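Remarks on the structure that follows.
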Amino acid sequence: MMAESRIPPGASLLLIGSGLYWILSSQLISSFTVLTPGFFQTNELGTSFITIIGIVSATVGLWIVKVDFDELRALFSRRDGWIFTVPLGLVAADVYLTLIVLSTNSQIVELNPFVSSAIAIGTAALVPFIVSYLALSQGLGLFMLRVGAYLFGSLKSYRYLPFVSICGVAAFGPASNLVLLLDPTAGLVAYLLGALGCVMLSIFLFTKVEKHDLGKPKFQRP
């Protein structure tokens with residue numbers, strides 16, 4: 001139990017999400033990052049190296065995933081537990097709106113080569129991509145709760161600032177995609193409204209979490 005308590009919240013989900021991402025990246029763009037797609041295109045050893053790292057990362061994450069499940073169970077059981085499901089909802093909205101926008105307007109192109117490759121392949125690549133996206137988003141959310149508790153103390157409502165800020169940033173994709181869905185010619189306005197949506201969501205979540213009974217603090221300053 002002592003070893004398990006030392007594992008920071010979000011670590012297992014981040015390992016699972018990044019592991020799946022690296023496995024897919026090795027097959028789709030032959031690179032760790034979309035900044036250098038095709039970096040290992042002619043090097044089978046490099047591609048295999050990425051795959052092995054991905055498998056190891058995902059395996060370790062699955063081995064300790066109970067830690068994050070326990071954290072999520074405690075958060076979801078709170079009266080304001082819906083707030084902590086927002087990262088999952090944003091992922092679902094982002095993927096859904098992206099697919100709708102790309103399918104309804106041929107002039108709009110997905111700039112991320114990893115995402116565009118996954119969409120082009122279909123279900124075989126899209127499903128693990130979504131699982132990776134969900135794990136990374138929820139894992140980062142849990143980790144930001146720990147960061148907030150460390151920075152501001154577990155008894156202060158300001159400890160939720162990192163979490164709601166991350167949620168706000170994650171809302172940029174769904175918000176801008178929604179604008180493009182309503183008006184494909186929006187152009188730069190879609191990004192401006194997406195940025196506005198980020199700020200509004202962060203403020204909304206922060207005010208909501210403040211109004212609820214926070215109960216016994218789950219995250220303690222080390």
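Chain lettering (A, B, ...) mirrors the order of the structure tokens, residue numbering begins at 1 for each chain separately, and ligand numbering begins at 1 in order of display.
If you count only C-alpha atoms and ignore residues fewer than 6 places along the chain from segment 126-131 of chain A, what sits within 9 Å of it is Gly17, Leu20, Tyr21, Leu24, Val91, Ala92, Val95, Val115, Ala118, Ile119 and Ala120 of chain A.
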Wanna dump the segment 79-135 of chain A-segment 173-194 of chain A contacts at 12 Å for me, each residue with its shortest atom pair and the distance in Å to one decimal, counting only C-alpha atoms, ordered by chain and number, as CSV?
residue,atom,partner,partner_atom,distance
A:Pro87,CA,A:Pro174,CA,11.6
A:Gly89,CA,A:Pro174,CA,10.0
A:Leu90,CA,A:Pro174,CA,6.9
A:Val91,CA,A:Pro174,CA,8.2
A:Ala92,CA,A:Pro174,CA,9.0
A:Ala93,CA,A:Pro174,CA,5.8
A:Asp94,CA,A:Pro174,CA,4.5
A:Val95,CA,A:Pro174,CA,8.1
A:Tyr96,CA,A:Pro174,CA,8.7
A:Leu97,CA,A:Asn177,CA,5.9
A:Thr98,CA,A:Asn177,CA,6.3
A:Leu99,CA,A:Asn177,CA,9.6
A:Ile100,CA,A:Leu181,CA,7.6
A:Val101,CA,A:Leu181,CA,5.6
A:Leu102,CA,A:Leu181,CA,9.2
A:Ser103,CA,A:Leu181,CA,10.4
A:Thr104,CA,A:Leu181,CA,8.2
A:Asn105,CA,A:Pro184,CA,7.3
A:Ser106,CA,A:Pro184,CA,10.2
A:Gln107,CA,A:Pro184,CA,8.8
A:Ile108,CA,A:Pro184,CA,8.1
A:Val109,CA,A:Pro184,CA,11.7
A:Glu110,CA,A:Asn177,CA,11.1
Please, which residues of segment 20-214 of chain A, numbered as in this document, come out helix (DSSP H, G or I) from DSSP, as an MDAnalysis selection string? chainID A and resid 20:28 44:63 65:76 81:104 113:121 123:152 157:170 172:182 188:211
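Put simply, atom CA of Pro37 of chain A is 8.8 Å away from atom CA of Ser25 of chain A.
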Between A:Leu142, A:Val169, A:Ile203, A:Val209, which residue has the minimum interatomic distance to Ala74 of chain A, considering only C-alpha atoms? A:Leu142
Interatomic distance between atom CA of Val86 of chain A and atom CA of Phe204 of chain A? 11.8 Å
Would you mind listing, for every residue of segment 75-144 of chain A within 12 Å of segment 41-63 of chain A, the two atoms forming the shortest contact and the distance between them in Å to one decimal, using only C-alpha atoms, sorted by chain and ascending residue number, as a tab-separated table?
residue	atom	partner	partner_atom	distance
A:Val131	CA	A:Ala58	CA	11.7
A:Ser132	CA	A:Ala58	CA	9.9
A:Ala135	CA	A:Gly61	CA	10.3
A:Leu136	CA	A:Gly61	CA	11.4
A:Gly139	CA	A:Gly61	CA	10.7
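Each of A:Gly141, A:Gly197, A:Gly19, A:Pro8 was checked against Ile83 of chain A using only C-alpha atoms; the smallest atom-to-atom distance is that of A:Gly141.
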Residue among A:Trp22, A:Leu28, A:Gly81, A:Ala11 lying closest to Ala124 of chain A, counting only C-alpha atoms: A:Leu28
